[in-house]
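J.: A single structure is presented below for examination.
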Amino acid sequence: MPERALPAPEPGSSLQAVARQALRTRTRQAPRRTAGHRGCQGGHRLGQPDPLLRPRPVTGQGSAHRRGALRPRQRAGRGSGRVHGSKPEGRRMSDDSRNEAEQRRRKLGELRRRGEAYPNTFRREDLAVDLASAYGDMSKEALAEAGVEATVAGRVMLRRVMGKASFITLEDSSGRIQCYVRRDDVGEDAYADFRNLWDLGDIAGVRGTLMKTNTGELTVHARKVGLLVKSLKPLPEKHHGLADRELRYRQRHLDLIVNEESRQVFRTRARLVTAMRRFFDERGYLEVETPMMHPIPGGAAARPFVTHHNALDTDLYLRVAPELYLKRLVVGGFERVYEINRCFRNEGLSSRHNPEFTTVEFYQAFADYVDLMDLTEELLRELLRDIVGGTTLTFEGREIDFGPAIPRRRMTNAVATETGIAEDDLMSEARLGEVARGMNIPVEPGWGWGRLLLEIFEARVEANLIAPTFITHYPVEVSPLARKNAEYPRLTDRFELFVAGREIANGFSELNDPVEQAERFARQSELKDRGDLEAMHYDNDFLGALEHGMPPTAGEGIGVDRLTMLLTDSSTIRDVVLFPQLRGTGGDES
RNA sequence: GGGUCGUUAGCUCAGUCGGUAGAGCACCGGGCUUUUAACCCGUUGGUCCUGGGUUCGAGCCCCAGACGGCCCA
């Protein structure tokens, strides 16, 4: 919605504009259809014959007339604001003349009167980065000799007006390119428009020949210029950019326009996801999509969001994890599946937690958790090679090396090492309770040995696991879906991967014994009845699937956001999620 | 949830002891035909986050709240 009404156009020129527009639309669209450009949806379409500046096809008397009508008006407006103050247009303009947004609307109004406000007839042919790589190394003389044509378009990021000649810097999706706009080359009228109607932040198209400036910068020497989109709001300060973190999250579009580093983060994220897909596709995993809305939330210990289906008159839960559905698929015979998608957890926000976040979960029949640790190492090395081009990355000032084999340590061993308590002592529930209380961990009555161990681990060990480390053998009590370890019945064949003190991955040999799974669910139900909001539901439907027989399977989930954080050296998840959840600012409720 | 820091022009930020609210960029006017965050000259622009309170007087002090950053849980 526009923030306020646009100034009313003059009736006469408005009708002209409409007529011109209609004519243009008709004449343009017919040849375009027959030319068959529909499938070509890329950022820049090639091969439009002389597409430039269709907004002004009537170059003869029409445009001269229009401009003739405009220029005196502008002068009268400014002048009268001060000197006469009596002409109505003059008054309006002087009222607005100090407000940048109003200035921009005034300029848009002028474009609208001419029917040139938001054209979509310009076809870019060249991206900045392509020009730079093809011609950036040529000498000034060679380039002048070659007479290379270029047609570029992008947002006006910098502008240097020197009387009758100017430089502007356009930014497109690939990067920046400078353009040289000279009155004697583009014509007096076009140059006047360029000076009077263009602002930083507008989107413009430029056609001309490539040149090198005296200082060696590759530049499009403009022959034609056109304003394609009037931006009604000023850009943030051109040197410092947009620094306010809240504004960057709430107005991500602005952040992306101004901050190259921010754009880079999301490009990296996309490459990460692409590389993951390739990794799993190459290994015969089937990509699937399972429900986001669950009748019973399951697959993780977390509080769900609740919603309501009106036609079915039933509550549904946004999924906290896709696990139980992916396992159904393994039962169904898809022996390798993966899903990259969102999960939702109704918990607090922090630099590591957004209520919706992305994971890749994958399951492989006839594999165990050790196979998955091997696979995870392979995946991480491949991702690093593709994205950072090596085996090490820098995160929060520390080098993190994924080159060497990632150590695998039992949780009890890690806790013993970190706390100095003998591993044997850690096997006693009573002893663990004392230790936990000694650490000021608020121990709750329902906690058994396993939960105590996990709490101590999280309080004392987790944050110190900077170099990549697998922690293995999680307690059964806190792993209701994982297979029991054959040797130690209190433990499971489960691991989590920690990097930079953060949990990155969680995997285990799956519990595929439906009878034991039923017992585990029953135990979770008891906890839920005692008030544990994160305990799992008893999922009879899932048990029914297990009863048909799930092959021995291992499964794992990896946090895509957290991995992106590592790869982009971002210390908060909000920097790697395009539109992170923030508290509302009040809005329309009281 | 607790602690702590912050919120001033469109943006980036100053603001002394409580005494007329500032700079740079952007915008507006003027100059400038190879500039580089162009430059030079002249203007304009404020709900000092909100609401109370103290005071002759509050951007500044006190209280409450909103939003955000960081730390802790």
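Chain labels run A, B, ... following the order of the structure tokens; each chain numbers its residues from 1, and ligands are numbered from 1 in the order shown.
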Quick check: residues of chain A within 6 Å of chain B, only C-alpha atoms (C1' of nucleotides), returned as a list of chain:residue names.

T.: A:Arg98, A:Glu100, A:Arg160, A:Met162, A:Gly163, A:Lys164, A:Ala165, A:Thr213, A:Asn214, A:Pro234, A:Pro236, A:Glu237, A:His239, A:His240

J.: If you keep all heavy atoms, can you produce a file of those selected residues as a CSV table (one decimal), in the first residue's frame?

T.:
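Okay, this is what ended up in out.csv:
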```
chain,number,residue,atom,x,y,z
A,98,ARG,N,11.2,20.2,0.9
A,98,ARG,CA,12.3,19.9,1.8
A,98,ARG,C,12.3,18.4,2.3
A,98,ARG,O,13.1,18.0,3.1
A,98,ARG,CB,12.3,20.8,3.1
A,98,ARG,CG,12.6,22.3,2.7
A,98,ARG,CD,13.9,22.3,1.9
A,98,ARG,NE,14.2,23.7,1.6
A,98,ARG,CZ,14.8,24.0,0.5
A,98,ARG,NH1,15.1,23.1,-0.5
A,98,ARG,NH2,15.2,25.3,0.3
A,100,GLU,N,12.5,14.6,1.5
A,100,GLU,CA,13.0,13.8,0.4
A,100,GLU,C,11.9,12.8,-0.2
A,100,GLU,O,11.8,12.7,-1.4
A,100,GLU,CB,14.2,12.9,0.9
A,100,GLU,CG,14.7,12.1,-0.2
A,100,GLU,CD,16.1,11.5,0.0
A,100,GLU,OE1,16.6,11.8,1.1
A,100,GLU,OE2,16.6,10.9,-0.9
A,160,ARG,N,27.7,10.8,-9.3
A,160,ARG,CA,28.7,11.9,-9.2
A,160,ARG,C,28.4,12.8,-10.4
A,160,ARG,O,28.7,12.5,-11.6
A,160,ARG,CB,30.1,11.5,-9.3
A,160,ARG,CG,30.5,10.6,-8.1
A,160,ARG,CD,31.9,10.1,-8.2
A,160,ARG,NE,32.0,9.0,-9.1
A,160,ARG,CZ,31.6,7.7,-8.9
A,160,ARG,NH1,31.1,7.4,-7.7
A,160,ARG,NH2,31.7,6.8,-9.8
A,162,MET,N,28.9,16.1,-12.5
A,162,MET,CA,29.9,17.2,-12.7
A,162,MET,C,29.4,18.1,-13.9
A,162,MET,O,29.9,18.0,-15.0
A,162,MET,CB,31.2,16.6,-13.1
A,162,MET,CG,31.7,15.6,-12.1
A,162,MET,SD,33.0,14.6,-12.8
A,162,MET,CE,32.0,13.8,-14.1
A,163,GLY,N,28.4,18.9,-13.6
A,163,GLY,CA,27.9,19.7,-14.7
A,163,GLY,C,27.3,18.9,-15.8
A,163,GLY,O,26.3,18.2,-15.6
A,164,LYS,N,27.9,19.0,-16.9
A,164,LYS,CA,27.3,18.4,-18.1
A,164,LYS,C,27.8,17.0,-18.4
A,164,LYS,O,27.5,16.4,-19.4
A,164,LYS,CB,27.7,19.3,-19.3
A,164,LYS,CG,27.2,20.7,-19.2
A,164,LYS,CD,27.7,21.6,-20.3
A,164,LYS,CE,27.3,23.0,-20.1
A,164,LYS,NZ,28.0,23.6,-18.9
A,165,ALA,N,28.4,16.4,-17.4
A,165,ALA,CA,28.8,15.0,-17.5
A,165,ALA,C,28.7,14.4,-16.1
A,165,ALA,O,28.9,15.1,-15.1
A,165,ALA,CB,30.2,14.8,-18.1
A,213,THR,N,38.1,4.5,-17.9
A,213,THR,CA,38.4,5.9,-17.5
A,213,THR,C,39.9,6.1,-17.4
A,213,THR,O,40.7,5.2,-17.5
A,213,THR,CB,37.7,6.2,-16.2
A,213,THR,OG1,38.3,5.4,-15.2
A,213,THR,CG2,36.2,6.0,-16.3
A,214,ASN,N,40.2,7.4,-17.1
A,214,ASN,CA,41.6,7.7,-17.0
A,214,ASN,C,42.2,6.9,-15.8
A,214,ASN,O,43.4,6.7,-15.7
A,214,ASN,CB,41.8,9.2,-16.8
A,214,ASN,CG,41.5,10.0,-18.0
A,214,ASN,OD1,41.5,9.4,-19.1
A,214,ASN,ND2,41.1,11.2,-17.9
A,234,PRO,N,14.5,6.9,0.4
A,234,PRO,CA,15.9,7.1,0.3
A,234,PRO,C,16.6,5.8,0.8
A,234,PRO,O,16.2,5.1,1.6
A,234,PRO,CB,16.2,8.3,1.2
A,234,PRO,CG,15.1,8.4,2.1
A,234,PRO,CD,13.9,7.8,1.4
A,236,PRO,N,19.8,3.9,2.7
A,236,PRO,CA,20.6,4.2,3.8
A,236,PRO,C,21.9,4.8,3.4
A,236,PRO,O,22.3,4.8,2.2
A,236,PRO,CB,20.9,2.8,4.4
A,236,PRO,CG,19.8,1.9,4.0
A,236,PRO,CD,19.4,2.5,2.6
A,237,GLU,N,22.6,5.4,4.3
A,237,GLU,CA,23.8,6.1,4.1
A,237,GLU,C,24.8,5.3,3.2
A,237,GLU,O,25.0,4.1,3.5
A,237,GLU,CB,24.5,6.5,5.4
A,237,GLU,CG,25.3,7.7,5.4
A,237,GLU,CD,26.8,7.4,5.2
A,237,GLU,OE1,27.2,6.2,5.3
A,237,GLU,OE2,27.5,8.3,5.1
A,239,HIS,N,28.0,5.1,2.6
A,239,HIS,CA,29.2,4.5,3.1
A,239,HIS,C,29.1,3.5,4.2
A,239,HIS,O,29.6,2.4,4.2
A,239,HIS,CB,30.2,5.6,3.5
A,239,HIS,CG,31.5,5.1,3.9
A,239,HIS,ND1,32.3,4.3,3.0
A,239,HIS,CD2,32.3,5.2,5.0
A,239,HIS,CE1,33.4,4.0,3.6
A,239,HIS,NE2,33.4,4.5,4.8
A,240,HIS,N,28.3,3.8,5.2
A,240,HIS,CA,28.2,3.0,6.4
A,240,HIS,C,27.1,1.9,6.2
A,240,HIS,O,27.1,0.9,6.9
A,240,HIS,CB,27.8,3.8,7.6
A,240,HIS,CG,28.9,4.8,8.0
A,240,HIS,ND1,28.9,6.1,7.5
A,240,HIS,CD2,30.0,4.7,8.7
A,240,HIS,CE1,29.9,6.7,8.0
A,240,HIS,NE2,30.7,5.9,8.7
```

J.: Just want the 10 Å neighbourhood of Glu510 (chain A), counted on only C-alpha atoms (C1' of nucleotides), with same-chain residues fewer than 5 positions away dropped. Output as a count of residues only.

T.: 22

J.: In Å, rounded to a single decimal, give me how far CA of Ala275 (chain A) is from CA of Asp401 (chain A).

T.: 19.4 Å

J.: Per DSSP on the backbone, what are the strand (DSSP E or B) residues of region 134-218 of chain A, as a PyMOL selection string?

T.: chain A and resi 149-162+165-171+176-182+203-212+218

J.: Which residues come within 12 Å of A64 (chain B), counting only C-alpha atoms (C1' of nucleotides), excluding same-chain residues fewer than 4 positions away, as a PyMOL selection string?

T.: chain B and resi 50-53

J.: Go ahead and write the residues just picked, N, CA, C and O atoms (P, O5', C5', C4', C3', O3' and C1' of nucleotides), as a PDB file, in the first residue's frame.

T.:
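The resulting selection01.pdb:
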```pdb
ATOM      1  P     U B  50       9.114   9.529  22.071  1.00  0.00           P
ATOM      2  O5'   U B  50       8.016   8.614  22.761  1.00  0.00           O
ATOM      3  C5'   U B  50       6.971   8.024  22.002  1.00  0.00           C
ATOM      4  C4'   U B  50       6.068   7.227  22.913  1.00  0.00           C
ATOM      5  C3'   U B  50       5.593   7.968  24.153  1.00  0.00           C
ATOM      6  O3'   U B  50       4.477   8.799  23.883  1.00  0.00           O
ATOM      7  C1'   U B  50       6.387   5.839  24.774  1.00  0.00           C
ATOM      8  P     G B  51       4.289  10.161  24.708  1.00  0.00           P
ATOM      9  O5'   G B  51       3.835   9.645  26.138  1.00  0.00           O
ATOM     10  C5'   G B  51       2.695   8.823  26.258  1.00  0.00           C
ATOM     11  C4'   G B  51       2.544   8.343  27.672  1.00  0.00           C
ATOM     12  C3'   G B  51       2.781   9.396  28.743  1.00  0.00           C
ATOM     13  O3'   G B  51       1.670  10.254  28.895  1.00  0.00           O
ATOM     14  C1'   G B  51       3.890   7.409  29.342  1.00  0.00           C
ATOM     15  P     G B  52       1.815  11.565  29.781  1.00  0.00           P
ATOM     16  O5'   G B  52       1.772  10.925  31.234  1.00  0.00           O
ATOM     17  C5'   G B  52       2.223  11.672  32.313  1.00  0.00           C
ATOM     18  C4'   G B  52       2.501  10.769  33.490  1.00  0.00           C
ATOM     19  C3'   G B  52       3.296  11.462  34.581  1.00  0.00           C
ATOM     20  O3'   G B  52       2.455  12.227  35.427  1.00  0.00           O
ATOM     21  C1'   G B  52       4.361   9.446  34.037  1.00  0.00           C
ATOM     22  P     G B  53       2.806  13.767  35.578  1.00  0.00           P
ATOM     23  O5'   G B  53       4.031  13.697  36.590  1.00  0.00           O
ATOM     24  C5'   G B  53       3.883  12.974  37.810  1.00  0.00           C
ATOM     25  C4'   G B  53       5.224  12.673  38.424  1.00  0.00           C
ATOM     26  C3'   G B  53       6.089  13.866  38.766  1.00  0.00           C
ATOM     27  O3'   G B  53       5.665  14.520  39.941  1.00  0.00           O
ATOM     28  C1'   G B  53       7.410  12.171  37.773  1.00  0.00           C
TER      29        G B  53
END
```

J.: Take CA of Ala153 (chain A) and CA of Gly175 (chain A) and report the distance between them in Å, one decimal.

T.: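 According to the coordinates, CA of Ala153 (chain A) and CA of Gly175 (chain A) are separated by 11.0 Å.
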